[in-house]
Amino acid sequence: MKIVHTGVWTRDDRAADPWPGLPFEVPPGSPGVTVELAVADPAAVLDLGCAGPAGWRGWSGGARTRFTITPGAATPGYLPGELEPGTWQVVLGLHRVPARGVDYTVTVTGGGTVEPPPPGPPVPPRP
């Protein structure tokens, strides 16, 4: 499965619906889903989240441009668990949209692996 949504978000879009959803279908028995967001303008801020047919599955706001949900694991901020078949939504928050608008690409692919969190800072020696 691979679904690509592209377009331009404008301030009029933000005024009409600040949290638009982009639909995608998850087939029965799906091993996971990975979503990637690309924004053409670094001045723009689009938040990222996800809802499944059974309800909310997570939100990372502007902190991430990619997330994965699988039955056994998920990117921090998202709920792991069986992927119920049906229509899901990539939920975007149109937080900061430049006056000229912003080009975006959202790519949804089946499967995927959850990236481990980055290592924490080193622990200093005890005094």
# chains A, B, ... in the order shown; residues from 1 in each chain; ligands from 1

$ select_by_dssp --residues "range 8-61 of chain A" --states "helix (DSSP H, G or I)" --output "list in words"
Arg11, Asp12, Asp13, Arg14, Ala15 and Ala16 of chain A

$ write_last_selection --atoms "all heavy atoms" --output "PDB file, in the first residue's frame"
ATOM      1  N   ARG A  11      -4.131  30.047   3.952  1.00  0.00           N
ATOM      2  CA  ARG A  11      -4.740  30.603   5.157  1.00  0.00           C
ATOM      3  C   ARG A  11      -6.262  30.465   5.104  1.00  0.00           C
ATOM      4  O   ARG A  11      -6.901  30.317   6.148  1.00  0.00           O
ATOM      5  CB  ARG A  11      -4.315  32.052   5.350  1.00  0.00           C
ATOM      6  CG  ARG A  11      -2.863  32.140   5.774  1.00  0.00           C
ATOM      7  CD  ARG A  11      -2.449  33.543   6.097  1.00  0.00           C
ATOM      8  NE  ARG A  11      -1.094  33.547   6.633  1.00  0.00           N
ATOM      9  CZ  ARG A  11      -0.425  34.644   6.879  1.00  0.00           C
ATOM     10  NH1 ARG A  11      -0.955  35.832   6.658  1.00  0.00           N
ATOM     11  NH2 ARG A  11       0.809  34.572   7.365  1.00  0.00           N
ATOM     12  N   ASP A  12      -6.849  30.491   3.912  1.00  0.00           N
ATOM     13  CA  ASP A  12      -8.286  30.250   3.797  1.00  0.00           C
ATOM     14  C   ASP A  12      -8.628  28.826   4.227  1.00  0.00           C
ATOM     15  O   ASP A  12      -9.645  28.601   4.889  1.00  0.00           O
ATOM     16  CB  ASP A  12      -8.765  30.495   2.363  1.00  0.00           C
ATOM     17  CG  ASP A  12      -8.784  31.975   1.994  1.00  0.00           C
ATOM     18  OD1 ASP A  12      -8.785  32.830   2.911  1.00  0.00           O
ATOM     19  OD2 ASP A  12      -8.796  32.267   0.781  1.00  0.00           O
ATOM     20  N   ASP A  13      -7.766  27.852   3.865  1.00  0.00           N
ATOM     21  CA  ASP A  13      -7.966  26.468   4.323  1.00  0.00           C
ATOM     22  C   ASP A  13      -7.917  26.400   5.844  1.00  0.00           C
ATOM     23  O   ASP A  13      -8.728  25.725   6.477  1.00  0.00           O
ATOM     24  CB  ASP A  13      -6.892  25.540   3.748  1.00  0.00           C
ATOM     25  CG  ASP A  13      -6.970  25.403   2.246  1.00  0.00           C
ATOM     26  OD1 ASP A  13      -8.096  25.391   1.697  1.00  0.00           O
ATOM     27  OD2 ASP A  13      -5.895  25.301   1.615  1.00  0.00           O
ATOM     28  N   ARG A  14      -6.937  27.094   6.423  1.00  0.00           N
ATOM     29  CA  ARG A  14      -6.788  27.110   7.883  1.00  0.00           C
ATOM     30  C   ARG A  14      -8.023  27.708   8.552  1.00  0.00           C
ATOM     31  O   ARG A  14      -8.494  27.207   9.578  1.00  0.00           O
ATOM     32  CB  ARG A  14      -5.546  27.893   8.291  1.00  0.00           C
ATOM     33  CG  ARG A  14      -5.297  27.881   9.780  1.00  0.00           C
ATOM     34  CD  ARG A  14      -3.965  28.561  10.101  1.00  0.00           C
ATOM     35  NE  ARG A  14      -3.690  28.410  11.497  1.00  0.00           N
ATOM     36  CZ  ARG A  14      -3.743  29.411  12.382  1.00  0.00           C
ATOM     37  NH1 ARG A  14      -4.059  30.627  11.985  1.00  0.00           N
ATOM     38  NH2 ARG A  14      -3.475  29.191  13.648  1.00  0.00           N
ATOM     39  N   ALA A  15      -8.576  28.763   7.968  1.00  0.00           N
ATOM     40  CA  ALA A  15      -9.772  29.400   8.531  1.00  0.00           C
ATOM     41  C   ALA A  15     -10.981  28.469   8.427  1.00  0.00           C
ATOM     42  O   ALA A  15     -11.826  28.429   9.325  1.00  0.00           O
ATOM     43  CB  ALA A  15     -10.052  30.715   7.825  1.00  0.00           C
ATOM     44  N   ALA A  16     -11.059  27.692   7.347  1.00  0.00           N
ATOM     45  CA  ALA A  16     -12.191  26.789   7.147  1.00  0.00           C
ATOM     46  C   ALA A  16     -12.103  25.562   8.051  1.00  0.00           C
ATOM     47  O   ALA A  16     -13.123  25.086   8.571  1.00  0.00           O
ATOM     48  CB  ALA A  16     -12.262  26.354   5.684  1.00  0.00           C
TER      49      ALA A  16
END

$ closest_residue --among "A:Phe24, A:Val8, A:Gly52, A:Gly62" --to "His95 in chain A" --atoms "only C-alpha atoms"
A:Gly62

$ residues_around --residues "range 70-75 of chain A" --least-positions-apart "2" --cutoff "8 Å" --atoms "only C-alpha atoms" --output "list of chain:residue names"
A:Pro31, A:Gly32, A:Val33, A:Phe67, A:Thr68, A:Gly77, A:Tyr78, A:Leu79, A:Pro80, A:Gly81, A:Glu82, A:Leu83, A:Gly111, A:Gly112, A:Thr113, A:Val114, A:Glu115

$ closest_residue --among "A:Leu22, A:Val108, A:Val4, A:Val97" --to "Asp41 in chain A" --atoms "only C-alpha atoms"
A:Val97

$ residues_around --residues "Gly58 in chain A" --least-positions-apart "2" --cutoff "9 Å" --atoms "only C-alpha atoms" --output "number ranges by chain"
A: 48-51, 56, 60, 76-79

$ closest_atom_pairs --of "range 64-122 of chain A" --to "range 43-47 of chain A" --cutoff "12 Å" --atoms "only C-alpha atoms" --output "tab-separated table"
residue	atom	partner	partner_atom	distance
A:Arg64	CA	A:Asp47	CA	8.1
A:Thr65	CA	A:Asp47	CA	8.4
A:Arg66	CA	A:Asp47	CA	10.8
A:Val90	CA	A:Asp47	CA	10.3
A:Val91	CA	A:Asp47	CA	8.1
A:Leu92	CA	A:Asp47	CA	5.3
A:Gly93	CA	A:Asp47	CA	4.4
A:Leu94	CA	A:Leu46	CA	5.1
A:His95	CA	A:Val45	CA	5.5
A:Arg96	CA	A:Val45	CA	4.7
A:Val97	CA	A:Ala44	CA	5.2
A:Pro98	CA	A:Ala44	CA	6.1
A:Ala99	CA	A:Ala44	CA	9.9
A:Arg100	CA	A:Ala44	CA	10.4
A:Gly101	CA	A:Ala44	CA	8.5
A:Val102	CA	A:Ala44	CA	6.8
A:Asp103	CA	A:Ala44	CA	9.5
A:Tyr104	CA	A:Leu46	CA	9.2
A:Thr105	CA	A:Leu46	CA	11.2
A:Val106	CA	A:Leu46	CA	11.1

$ write_last_selection --atoms "all heavy atoms" --output "compact mmCIF listing (two decimals), in the first residue's frame"
# COMPACT_ATOMS: atom_id res chain seq x y z
N ARG A 64 7.45 15.96 14.97
CA ARG A 64 7.88 14.89 14.07
C ARG A 64 7.34 15.13 12.66
O ARG A 64 6.31 15.77 12.49
CB ARG A 64 7.34 13.53 14.54
CG ARG A 64 7.79 13.14 15.90
CD ARG A 64 7.33 11.72 16.25
NE ARG A 64 7.53 11.43 17.64
CZ ARG A 64 8.71 11.18 18.19
NH1 ARG A 64 9.78 11.16 17.45
NH2 ARG A 64 8.80 10.93 19.48
N THR A 65 8.03 14.55 11.70
CA THR A 65 7.54 14.55 10.33
C THR A 65 7.26 13.13 9.85
O THR A 65 6.92 12.92 8.69
CB THR A 65 8.56 15.21 9.37
OG1 THR A 65 9.80 14.50 9.47
CG2 THR A 65 8.75 16.68 9.71
N ARG A 66 7.41 12.15 10.76
CA ARG A 66 7.21 10.75 10.41
C ARG A 66 6.75 9.99 11.64
O ARG A 66 7.22 10.25 12.75
CB ARG A 66 8.54 10.18 9.92
CG ARG A 66 8.52 8.74 9.52
CD ARG A 66 9.93 8.31 9.07
NE ARG A 66 9.91 7.04 8.41
CZ ARG A 66 9.98 5.88 9.05
NH1 ARG A 66 10.07 5.83 10.35
NH2 ARG A 66 9.96 4.75 8.36
N VAL A 90 -4.96 10.81 8.32
CA VAL A 90 -3.80 11.58 8.77
C VAL A 90 -4.38 12.95 9.12
O VAL A 90 -5.01 13.60 8.29
CB VAL A 90 -2.73 11.74 7.67
CG1 VAL A 90 -1.62 12.66 8.14
CG2 VAL A 90 -2.18 10.39 7.26
N VAL A 91 -4.24 13.36 10.38
CA VAL A 91 -4.79 14.64 10.83
C VAL A 91 -3.65 15.65 10.87
O VAL A 91 -2.62 15.40 11.52
CB VAL A 91 -5.46 14.51 12.21
CG1 VAL A 91 -6.04 15.84 12.65
CG2 VAL A 91 -6.54 13.43 12.17
N LEU A 92 -3.84 16.75 10.18
CA LEU A 92 -2.83 17.81 10.17
C LEU A 92 -3.34 19.01 10.95
O LEU A 92 -4.53 19.31 10.91
CB LEU A 92 -2.52 18.24 8.73
CG LEU A 92 -1.92 17.17 7.83
CD1 LEU A 92 -1.75 17.72 6.43
CD2 LEU A 92 -0.60 16.68 8.37
N GLY A 93 -2.45 19.66 11.66
CA GLY A 93 -2.76 20.93 12.30
C GLY A 93 -2.12 22.03 11.49
O GLY A 93 -0.90 22.06 11.36
N LEU A 94 -2.93 22.89 10.92
CA LEU A 94 -2.38 24.00 10.11
C LEU A 94 -2.00 25.13 11.05
O LEU A 94 -2.66 26.15 11.14
CB LEU A 94 -3.42 24.44 9.07
CG LEU A 94 -3.96 23.35 8.16
CD1 LEU A 94 -4.92 23.93 7.15
CD2 LEU A 94 -2.84 22.58 7.48
N HIS A 95 -0.89 24.92 11.76
CA HIS A 95 -0.48 25.83 12.83
C HIS A 95 0.02 27.16 12.28
O HIS A 95 -0.43 28.22 12.67
CB HIS A 95 0.58 25.17 13.69
CG HIS A 95 1.05 26.02 14.82
ND1 HIS A 95 0.26 26.31 15.90
CD2 HIS A 95 2.22 26.67 15.02
CE1 HIS A 95 0.92 27.10 16.74
NE2 HIS A 95 2.12 27.33 16.22
N ARG A 96 1.01 27.11 11.38
CA ARG A 96 1.57 28.34 10.81
C ARG A 96 1.63 28.18 9.29
O ARG A 96 2.42 27.39 8.79
CB ARG A 96 2.96 28.62 11.35
CG ARG A 96 3.50 29.97 10.84
CD ARG A 96 4.90 30.31 11.32
NE ARG A 96 5.05 30.12 12.75
CZ ARG A 96 6.18 29.67 13.32
NH1 ARG A 96 7.22 29.37 12.59
NH2 ARG A 96 6.25 29.53 14.62
N VAL A 97 0.77 28.93 8.61
CA VAL A 97 0.69 28.87 7.15
C VAL A 97 1.09 30.24 6.61
O VAL A 97 0.44 31.24 6.92
CB VAL A 97 -0.73 28.50 6.68
CG1 VAL A 97 -0.80 28.50 5.16
CG2 VAL A 97 -1.13 27.14 7.24
N PRO A 98 2.18 30.32 5.82
CA PRO A 98 2.59 31.60 5.25
C PRO A 98 1.50 32.18 4.35
O PRO A 98 0.65 31.46 3.83
CB PRO A 98 3.84 31.25 4.44
CG PRO A 98 4.31 29.94 4.98
CD PRO A 98 3.08 29.23 5.46
N ALA A 99 1.56 33.49 4.12
CA ALA A 99 0.56 34.17 3.30
C ALA A 99 0.49 33.59 1.89
O ALA A 99 -0.59 33.52 1.31
CB ALA A 99 0.88 35.67 3.23
N ARG A 100 1.59 33.13 1.37
CA ARG A 100 1.61 32.57 0.01
C ARG A 100 1.14 31.11 -0.02
O ARG A 100 1.07 30.50 -1.08
CB ARG A 100 3.00 32.69 -0.59
CG ARG A 100 4.05 31.87 0.16
CD ARG A 100 5.46 32.20 -0.30
NE ARG A 100 6.46 31.64 0.57
CZ ARG A 100 6.83 32.15 1.74
NH1 ARG A 100 6.27 33.25 2.18
NH2 ARG A 100 7.76 31.58 2.48
N GLY A 101 0.85 30.52 1.15
CA GLY A 101 0.47 29.11 1.22
C GLY A 101 1.70 28.23 1.39
O GLY A 101 2.83 28.72 1.41
N VAL A 102 1.47 26.94 1.54
CA VAL A 102 2.58 26.01 1.70
C VAL A 102 2.27 24.71 0.96
O VAL A 102 1.20 24.13 1.10
CB VAL A 102 2.89 25.73 3.19
CG1 VAL A 102 1.71 25.13 3.93
CG2 VAL A 102 4.12 24.85 3.34
N ASP A 103 3.23 24.28 0.13
CA ASP A 103 3.13 22.99 -0.56
C ASP A 103 3.42 21.88 0.44
O ASP A 103 4.33 22.01 1.28
CB ASP A 103 4.14 22.90 -1.70
CG ASP A 103 3.86 23.88 -2.82
OD1 ASP A 103 2.68 24.15 -3.08
OD2 ASP A 103 4.83 24.37 -3.43
N TYR A 104 2.67 20.78 0.33
CA TYR A 104 2.89 19.66 1.25
C TYR A 104 2.79 18.35 0.48
O TYR A 104 2.16 18.27 -0.58
CB TYR A 104 1.87 19.66 2.39
CG TYR A 104 0.49 19.27 1.92
CD1 TYR A 104 0.07 17.94 1.97
CD2 TYR A 104 -0.38 20.21 1.39
CE1 TYR A 104 -1.18 17.58 1.51
CE2 TYR A 104 -1.63 19.85 0.93
CZ TYR A 104 -2.02 18.54 0.99
OH TYR A 104 -3.26 18.18 0.50
N THR A 105 3.41 17.32 1.03
CA THR A 105 3.27 15.95 0.55
C THR A 105 3.14 15.06 1.78
O THR A 105 3.98 15.13 2.68
CB THR A 105 4.49 15.50 -0.29
OG1 THR A 105 4.63 16.38 -1.40
CG2 THR A 105 4.32 14.07 -0.78
N VAL A 106 2.09 14.26 1.82
CA VAL A 106 1.91 13.25 2.86
C VAL A 106 1.94 11.90 2.18
O VAL A 106 1.14 11.64 1.27
CB VAL A 106 0.59 13.44 3.63
CG1 VAL A 106 0.35 12.29 4.59
CG2 VAL A 106 0.60 14.76 4.39
